[in-house]
Amino acid sequence: MSDSTVTQSEGREEVAVPRTVTGEDGRGPLRRPRRPRLWFEVLLIAVSYWTYSLIRNAVPEQRGKALRNADWIFRVEHQLGVAVEQSVNHAANSVTWLIIGMNYYYATLHFIVTIGVLVWLYRWHPGRYAAARLALFSTTGVALLGYYLFPLAPPRLMRGGGFVDTVMVHHTWGSMASGDLKHMSNQYAAMPSMHIGWSLWCGLTIFALASVPWVRTLGLLYPAATLLVIVATANHFWLDAVGGVLCLSFGFTVVRLWYGALPYALPRLLPARRPEPERATARA
């Protein structure tokens, strides 16, 4: 993807000069990205995720309503002929090595890949980092409304749903969705799926900004694989993924309004800081 920058030669060095970001009415520049500071970003991400987890887990676990909502979603999917979750769950669970791998995928890559993409943006795309981070944060923040307004039990917790809780059956570690760690996480906050919201954010970012073709392909495959995993492990209905996509759309809309452009259209580099002009000394 080409950068929205113009380079000016200064001796042997080339300095990135960003094009002016203006509002749609052409009146003047909107907010421009600032140079990220490492200590601030680490603190911001840690505090933001802690706050998100606190609020998510503080949302009342409305078990009865969450189970009724799950029954309703599954019934609607059956009426539409798209209730594939149980078949995928049972098929994946019949291959032990595959479902164990999916369990660990669900428990780990959600965090590892997202943090890796943030670090990559910070290091190699500082001009786009703040806008991309805002999209991710806005996506995650609006998801809290879904957890509060539409409590939803995952398929593995449905009464008589016939789903296999793959973490419990295969005794894999690390998932906040089942086992000993389930008491640390709200079990009835399945809609929307942030596994999809985050993985799609990662995938689009990699596809838009990576220069190596096979890496860009992996970017597209990552959210697709995540969708398969969340359904196969019975942690989500596929409609939860639709909720995650809608949340990400909201996140990108916030960025578009705030910066006047999507993160990938902003300059890769930030302009060099200009030295302040020397103040003229008053003469007697």
# chains A, B, ... in the order shown; residues from 1 in each chain; ligands from 1
$ select_by_dssp --residues "region 40-267 of chain A" --states "alpha helix (DSSP H)" --output "PyMOL selection string"
chain A and resi 40-58+63-80+85-93+96-124+126-149+166-170+194-209+213-232+238-259
$ closest_atom_pairs --of "region 46-104 of chain A" --to "region 227-233 of chain A" --cutoff "12 Å" --atoms "only C-alpha atoms" --output "Markdown table"
| residue | atom | partner | partner_atom | distance |
| --- | --- | --- | --- | --- |
| A:Ala83 | CA | A:Val231 | CA | 10.8 |
| A:Val84 | CA | A:Val231 | CA | 8.7 |
| A:Glu85 | CA | A:Val231 | CA | 5.7 |
| A:Gln86 | CA | A:Ala232 | CA | 8.0 |
| A:Ser87 | CA | A:Ala232 | CA | 8.5 |
| A:Val88 | CA | A:Ala232 | CA | 5.3 |
| A:Asn89 | CA | A:Ala232 | CA | 4.1 |
| A:His90 | CA | A:Ala232 | CA | 7.6 |
| A:Ala91 | CA | A:Ala232 | CA | 8.0 |
| A:Ala92 | CA | A:Ala232 | CA | 6.0 |
| A:Asn93 | CA | A:Ala232 | CA | 7.7 |
| A:Ser94 | CA | A:Ala232 | CA | 10.8 |
| A:Val95 | CA | A:Ala232 | CA | 11.3 |
| A:Leu98 | CA | A:Ala232 | CA | 10.1 |
| A:Ile99 | CA | A:Thr233 | CA | 7.4 |
| A:Ile100 | CA | A:Thr233 | CA | 9.4 |
| A:Gly101 | CA | A:Val229 | CA | 9.4 |
| A:Met102 | CA | A:Val229 | CA | 5.7 |
| A:Asn103 | CA | A:Thr233 | CA | 6.8 |
| A:Tyr104 | CA | A:Val229 | CA | 9.9 |
$ write_last_selection --atoms "N, CA, C and O atoms" --output "PDB file, in the first residue's frame"
ATOM      1  N   ALA A  83     -27.672 -22.953  10.931  1.00  0.00           N
ATOM      2  CA  ALA A  83     -27.200 -23.365  12.255  1.00  0.00           C
ATOM      3  C   ALA A  83     -26.128 -24.445  12.102  1.00  0.00           C
ATOM      4  O   ALA A  83     -26.385 -25.649  12.254  1.00  0.00           O
ATOM      5  N   VAL A  84     -24.905 -24.010  11.810  1.00  0.00           N
ATOM      6  CA  VAL A  84     -23.817 -24.953  11.513  1.00  0.00           C
ATOM      7  C   VAL A  84     -22.926 -25.216  12.726  1.00  0.00           C
ATOM      8  O   VAL A  84     -22.040 -26.068  12.659  1.00  0.00           O
ATOM      9  N   GLU A  85     -23.146 -24.494  13.824  1.00  0.00           N
ATOM     10  CA  GLU A  85     -22.214 -24.549  14.949  1.00  0.00           C
ATOM     11  C   GLU A  85     -22.045 -25.951  15.528  1.00  0.00           C
ATOM     12  O   GLU A  85     -20.917 -26.391  15.807  1.00  0.00           O
ATOM     13  N   GLN A  86     -23.130 -26.662  15.723  1.00  0.00           N
ATOM     14  CA  GLN A  86     -23.043 -27.980  16.352  1.00  0.00           C
ATOM     15  C   GLN A  86     -22.278 -28.969  15.475  1.00  0.00           C
ATOM     16  O   GLN A  86     -21.456 -29.753  15.967  1.00  0.00           O
ATOM     17  N   SER A  87     -22.529 -28.927  14.180  1.00  0.00           N
ATOM     18  CA  SER A  87     -21.823 -29.832  13.260  1.00  0.00           C
ATOM     19  C   SER A  87     -20.325 -29.552  13.255  1.00  0.00           C
ATOM     20  O   SER A  87     -19.502 -30.478  13.284  1.00  0.00           O
ATOM     21  N   VAL A  88     -19.964 -28.270  13.226  1.00  0.00           N
ATOM     22  CA  VAL A  88     -18.540 -27.899  13.235  1.00  0.00           C
ATOM     23  C   VAL A  88     -17.901 -28.301  14.558  1.00  0.00           C
ATOM     24  O   VAL A  88     -16.782 -28.834  14.590  1.00  0.00           O
ATOM     25  N   ASN A  89     -18.604 -28.075  15.648  1.00  0.00           N
ATOM     26  CA  ASN A  89     -18.103 -28.420  16.980  1.00  0.00           C
ATOM     27  C   ASN A  89     -17.827 -29.924  17.089  1.00  0.00           C
ATOM     28  O   ASN A  89     -16.751 -30.340  17.559  1.00  0.00           O
ATOM     29  N   HIS A  90     -18.749 -30.739  16.671  1.00  0.00           N
ATOM     30  CA  HIS A  90     -18.591 -32.193  16.773  1.00  0.00           C
ATOM     31  C   HIS A  90     -17.523 -32.713  15.811  1.00  0.00           C
ATOM     32  O   HIS A  90     -16.759 -33.632  16.162  1.00  0.00           O
ATOM     33  N   ALA A  91     -17.458 -32.131  14.618  1.00  0.00           N
ATOM     34  CA  ALA A  91     -16.458 -32.575  13.647  1.00  0.00           C
ATOM     35  C   ALA A  91     -15.044 -32.269  14.142  1.00  0.00           C
ATOM     36  O   ALA A  91     -14.144 -33.115  14.060  1.00  0.00           O
ATOM     37  N   ALA A  92     -14.841 -31.059  14.650  1.00  0.00           N
ATOM     38  CA  ALA A  92     -13.513 -30.685  15.149  1.00  0.00           C
ATOM     39  C   ALA A  92     -13.148 -31.492  16.385  1.00  0.00           C
ATOM     40  O   ALA A  92     -11.993 -31.908  16.565  1.00  0.00           O
ATOM     41  N   ASN A  93     -14.125 -31.747  17.237  1.00  0.00           N
ATOM     42  CA  ASN A  93     -13.849 -32.478  18.472  1.00  0.00           C
ATOM     43  C   ASN A  93     -13.491 -33.936  18.203  1.00  0.00           C
ATOM     44  O   ASN A  93     -12.851 -34.591  19.045  1.00  0.00           O
ATOM     45  N   SER A  94     -13.846 -34.468  17.043  1.00  0.00           N
ATOM     46  CA  SER A  94     -13.525 -35.861  16.715  1.00  0.00           C
ATOM     47  C   SER A  94     -12.054 -36.046  16.350  1.00  0.00           C
ATOM     48  O   SER A  94     -11.576 -37.180  16.292  1.00  0.00           O
ATOM     49  N   VAL A  95     -11.350 -34.937  16.111  1.00  0.00           N
ATOM     50  CA  VAL A  95      -9.917 -34.993  15.787  1.00  0.00           C
ATOM     51  C   VAL A  95      -9.175 -34.365  16.966  1.00  0.00           C
ATOM     52  O   VAL A  95      -9.108 -33.137  17.078  1.00  0.00           O
ATOM     53  N   LEU A  98      -6.447 -31.670  16.543  1.00  0.00           N
ATOM     54  CA  LEU A  98      -6.980 -30.444  15.942  1.00  0.00           C
ATOM     55  C   LEU A  98      -7.708 -29.604  16.976  1.00  0.00           C
ATOM     56  O   LEU A  98      -7.467 -28.390  17.084  1.00  0.00           O
ATOM     57  N   ILE A  99      -8.578 -30.222  17.765  1.00  0.00           N
ATOM     58  CA  ILE A  99      -9.364 -29.441  18.712  1.00  0.00           C
ATOM     59  C   ILE A  99      -8.498 -28.929  19.863  1.00  0.00           C
ATOM     60  O   ILE A  99      -8.723 -27.834  20.386  1.00  0.00           O
ATOM     61  N   ILE A 100      -7.476 -29.705  20.257  1.00  0.00           N
ATOM     62  CA  ILE A 100      -6.564 -29.212  21.291  1.00  0.00           C
ATOM     63  C   ILE A 100      -5.801 -27.985  20.776  1.00  0.00           C
ATOM     64  O   ILE A 100      -5.636 -26.993  21.487  1.00  0.00           O
ATOM     65  N   GLY A 101      -5.371 -28.057  19.529  1.00  0.00           N
ATOM     66  CA  GLY A 101      -4.714 -26.894  18.934  1.00  0.00           C
ATOM     67  C   GLY A 101      -5.632 -25.686  18.874  1.00  0.00           C
ATOM     68  O   GLY A 101      -5.218 -24.547  19.131  1.00  0.00           O
ATOM     69  N   MET A 102      -6.908 -25.923  18.555  1.00  0.00           N
ATOM     70  CA  MET A 102      -7.878 -24.826  18.507  1.00  0.00           C
ATOM     71  C   MET A 102      -8.113 -24.238  19.897  1.00  0.00           C
ATOM     72  O   MET A 102      -8.288 -23.019  20.041  1.00  0.00           O
ATOM     73  N   ASN A 103      -8.129 -25.084  20.916  1.00  0.00           N
ATOM     74  CA  ASN A 103      -8.289 -24.584  22.281  1.00  0.00           C
ATOM     75  C   ASN A 103      -7.162 -23.625  22.648  1.00  0.00           C
ATOM     76  O   ASN A 103      -7.398 -22.557  23.231  1.00  0.00           O
ATOM     77  N   TYR A 104      -5.931 -24.007  22.320  1.00  0.00           N
ATOM     78  CA  TYR A 104      -4.797 -23.144  22.639  1.00  0.00           C
ATOM     79  C   TYR A 104      -4.778 -21.897  21.757  1.00  0.00           C
ATOM     80  O   TYR A 104      -4.375 -20.817  22.190  1.00  0.00           O
TER      81      TYR A 104
END
$ atom_distance --atom1 "CA of Arg123 (chain A)" --atom2 "CA of Trp39 (chain A)"
13.7 Å
$ closest_residue --among "A:Val76, A:Val164, A:Ala153, A:Leu266" --to "His125 (chain A)" --atoms "only C-alpha atoms"
A:Leu266
$ closest_atom_pairs --of "region 79-153 of chain A" --to "region 244-256 of chain A" --cutoff "6 Å" --atoms "only C-alpha atoms" --output "JSON lines"
{"residue": "A:Ala135", "atom": "CA", "partner": "A:Gly251", "partner_atom": "CA", "distance": 4.3}
{"residue": "A:Ser138", "atom": "CA", "partner": "A:Gly251", "partner_atom": "CA", "distance": 4.7}
{"residue": "A:Thr139", "atom": "CA", "partner": "A:Gly251", "partner_atom": "CA", "distance": 4.6}
$ write_last_selection --atoms "all heavy atoms" --output "PDB file, in the first residue's frame"
ATOM      1  N   ALA A 135      -8.958   2.946  16.731  1.00  0.00           N
ATOM      2  CA  ALA A 135      -9.957   2.037  16.149  1.00  0.00           C
ATOM      3  C   ALA A 135     -10.132   0.801  17.016  1.00  0.00           C
ATOM      4  O   ALA A 135     -11.255   0.355  17.279  1.00  0.00           O
ATOM      5  CB  ALA A 135      -9.534   1.643  14.735  1.00  0.00           C
ATOM      6  N   SER A 138     -11.868   1.814  20.367  1.00  0.00           N
ATOM      7  CA  SER A 138     -13.286   2.130  20.166  1.00  0.00           C
ATOM      8  C   SER A 138     -14.090   0.862  19.920  1.00  0.00           C
ATOM      9  O   SER A 138     -15.217   0.716  20.415  1.00  0.00           O
ATOM     10  CB  SER A 138     -13.443   3.087  18.977  1.00  0.00           C
ATOM     11  OG  SER A 138     -12.759   4.302  19.210  1.00  0.00           O
ATOM     12  N   THR A 139     -13.520  -0.065  19.178  1.00  0.00           N
ATOM     13  CA  THR A 139     -14.165  -1.352  18.940  1.00  0.00           C
ATOM     14  C   THR A 139     -14.412  -2.092  20.244  1.00  0.00           C
ATOM     15  O   THR A 139     -15.510  -2.612  20.495  1.00  0.00           O
ATOM     16  CB  THR A 139     -13.278  -2.219  18.021  1.00  0.00           C
ATOM     17  OG1 THR A 139     -13.127  -1.559  16.762  1.00  0.00           O
ATOM     18  CG2 THR A 139     -13.888  -3.596  17.807  1.00  0.00           C
TER      19      THR A 139
END
$ atom_distance --atom1 "CA of Gln62 (chain A)" --atom2 "CA of Leu152 (chain A)"
8.5 Å
$ closest_residue --among "A:Ala143, A:Gly127, A:Ile73, A:Tyr148" --to "His236 (chain A)" --atoms "only C-alpha atoms"
A:Ile73
$ closest_residue --among "A:Gly141, A:Gly260, A:Pro271, A:Gly243" --to "Ser193 (chain A)" --atoms "only C-alpha atoms"
A:Gly243
$ residues_around --residues "Ala224 (chain A)" --least-positions-apart "3" --cutoff "12 Å" --atoms "only C-alpha atoms" --output "list in words"
His195, Ile196, Gly197, Ser199, Leu200, Cys202, Gly203, Leu204, Thr217, Leu218, Gly219, Leu220, Leu221, Leu227, Leu228, Val229, Ile230, Val231, Trp238 and Ala241 of chain A
$ residues_around --residues "Asn57 (chain A)" --least-positions-apart "6" --cutoff "10 Å" --atoms "only C-alpha atoms" --output "list in words"
Thr51, Leu144, Tyr147, His183, Met184, Ser185, Asn186, Gln187, Tyr188 and Ala189 of chain A
$ write_last_selection --atoms "N, CA and C atoms" --output "JSON list (two decimals), in the first residue's frame"
[["chain", "number", "residue", "atom", "x", "y", "z"],
["A", 51, "THR", "N", -9.39, -1.90, 32.70],
["A", 51, "THR", "CA", -10.69, -1.25, 32.84],
["A", 51, "THR", "C", -11.76, -2.00, 32.05],
["A", 144, "LEU", "N", -18.80, -3.35, 25.09],
["A", 144, "LEU", "CA", -19.36, -3.40, 26.44],
["A", 144, "LEU", "C", -20.86, -3.17, 26.43],
["A", 147, "TYR", "N", -22.52, -6.50, 25.75],
["A", 147, "TYR", "CA", -22.52, -7.40, 26.90],
["A", 147, "TYR", "C", -23.61, -7.02, 27.89],
["A", 183, "HIS", "N", -14.39, -18.61, 36.57],
["A", 183, "HIS", "CA", -14.94, -17.74, 37.62],
["A", 183, "HIS", "C", -14.34, -16.35, 37.57],
["A", 184, "MET", "N", -13.29, -16.15, 36.76],
["A", 184, "MET", "CA", -12.65, -14.85, 36.64],
["A", 184, "MET", "C", -13.21, -14.04, 35.47],
["A", 185, "SER", "N", -14.11, -14.64, 34.70],
["A", 185, "SER", "CA", -14.61, -13.97, 33.50],
["A", 185, "SER", "C", -16.12, -14.16, 33.40],
["A", 186, "ASN", "N", -16.80, -13.13, 32.91],
["A", 186, "ASN", "CA", -18.24, -13.19, 32.71],
["A", 186, "ASN", "C", -18.54, -14.21, 31.61],
["A", 187, "GLN", "N", -19.20, -15.30, 31.97],
["A", 187, "GLN", "CA", -19.46, -16.38, 31.03],
["A", 187, "GLN", "C", -20.62, -16.08, 30.08],
["A", 188, "TYR", "N", -21.35, -15.01, 30.34],
["A", 188, "TYR", "CA", -22.54, -14.71, 29.55],
["A", 188, "TYR", "C", -22.38, -13.40, 28.78],
["A", 189, "ALA", "N", -21.15, -13.17, 28.30],
["A", 189, "ALA", "CA", -20.85, -11.99, 27.48],
["A", 189, "ALA", "C", -20.26, -12.45, 26.15]]
$ closest_residue --among "A:Trp124, A:Lys65, A:Ala107, A:Leu134" --to "Glu41 (chain A)" --atoms "only C-alpha atoms"
A:Leu134
$ atom_distance --atom1 "CA of Tyr52 (chain A)" --atom2 "CA of Leu136 (chain A)"
12.3 Å
$ decode --residues "region 104-122 of chain A" --atoms "N, CA and C atoms" --output "mmCIF file, in the first residue's frame"
data_model
loop_
_atom_site.group_PDB
_atom_site.id
_atom_site.type_symbol
_atom_site.label_atom_id
_atom_site.label_comp_id
_atom_site.auth_asym_id
_atom_site.auth_seq_id
_atom_site.Cartn_x
_atom_site.Cartn_y
_atom_site.Cartn_z
ATOM 1 N N TYR A 104 -5.931 -24.007 22.320
ATOM 2 C CA TYR A 104 -4.797 -23.144 22.639
ATOM 3 C C TYR A 104 -4.778 -21.897 21.757
ATOM 4 N N TYR A 105 -5.203 -22.060 20.506
ATOM 5 C CA TYR A 105 -5.344 -20.908 19.608
ATOM 6 C C TYR A 105 -6.299 -19.894 20.237
ATOM 7 N N TYR A 106 -7.460 -20.369 20.681
ATOM 8 C CA TYR A 106 -8.464 -19.481 21.276
ATOM 9 C C TYR A 106 -7.927 -18.774 22.510
ATOM 10 N N ALA A 107 -7.132 -19.485 23.306
ATOM 11 C CA ALA A 107 -6.670 -18.945 24.584
ATOM 12 C C ALA A 107 -5.506 -17.981 24.452
ATOM 13 N N THR A 108 -4.715 -18.086 23.375
ATOM 14 C CA THR A 108 -3.456 -17.339 23.322
ATOM 15 C C THR A 108 -3.347 -16.316 22.186
ATOM 16 N N LEU A 109 -3.669 -16.714 20.959
ATOM 17 C CA LEU A 109 -3.389 -15.829 19.820
ATOM 18 C C LEU A 109 -4.194 -14.548 19.868
ATOM 19 N N HIS A 110 -5.338 -14.586 20.503
ATOM 20 C CA HIS A 110 -6.167 -13.388 20.675
ATOM 21 C C HIS A 110 -5.346 -12.231 21.237
ATOM 22 N N PHE A 111 -4.464 -12.538 22.175
ATOM 23 C CA PHE A 111 -3.631 -11.517 22.799
ATOM 24 C C PHE A 111 -2.295 -11.364 22.088
ATOM 25 N N ILE A 112 -1.660 -12.470 21.750
ATOM 26 C CA ILE A 112 -0.311 -12.424 21.177
ATOM 27 C C ILE A 112 -0.288 -11.679 19.850
ATOM 28 N N VAL A 113 -1.193 -12.012 18.943
ATOM 29 C CA VAL A 113 -1.192 -11.380 17.628
ATOM 30 C C VAL A 113 -1.557 -9.905 17.737
ATOM 31 N N THR A 114 -2.534 -9.586 18.565
ATOM 32 C CA THR A 114 -2.953 -8.186 18.708
ATOM 33 C C THR A 114 -1.816 -7.329 19.249
ATOM 34 N N ILE A 115 -1.144 -7.798 20.282
ATOM 35 C CA ILE A 115 -0.013 -7.054 20.834
ATOM 36 C C ILE A 115 1.108 -6.962 19.806
ATOM 37 N N GLY A 116 1.345 -8.053 19.073
ATOM 38 C CA GLY A 116 2.384 -8.033 18.043
ATOM 39 C C GLY A 116 2.116 -6.998 16.968
ATOM 40 N N VAL A 117 0.866 -6.873 16.534
ATOM 41 C CA VAL A 117 0.523 -5.882 15.511
ATOM 42 C C VAL A 117 0.681 -4.469 16.066
ATOM 43 N N LEU A 118 0.292 -4.262 17.319
ATOM 44 C CA LEU A 118 0.485 -2.943 17.937
ATOM 45 C C LEU A 118 1.966 -2.573 17.984
ATOM 46 N N VAL A 119 2.814 -3.517 18.368
ATOM 47 C CA VAL A 119 4.259 -3.259 18.426
ATOM 48 C C VAL A 119 4.797 -2.961 17.032
ATOM 49 N N TRP A 120 4.342 -3.729 16.046
ATOM 50 C CA TRP A 120 4.780 -3.502 14.656
ATOM 51 C C TRP A 120 4.379 -2.109 14.174
ATOM 52 N N LEU A 121 3.150 -1.712 14.462
ATOM 53 C CA LEU A 121 2.702 -0.365 14.082
ATOM 54 C C LEU A 121 3.532 0.705 14.779
ATOM 55 N N TYR A 122 3.775 0.525 16.062
ATOM 56 C CA TYR A 122 4.534 1.503 16.839
ATOM 57 C C TYR A 122 5.940 1.673 16.265
#
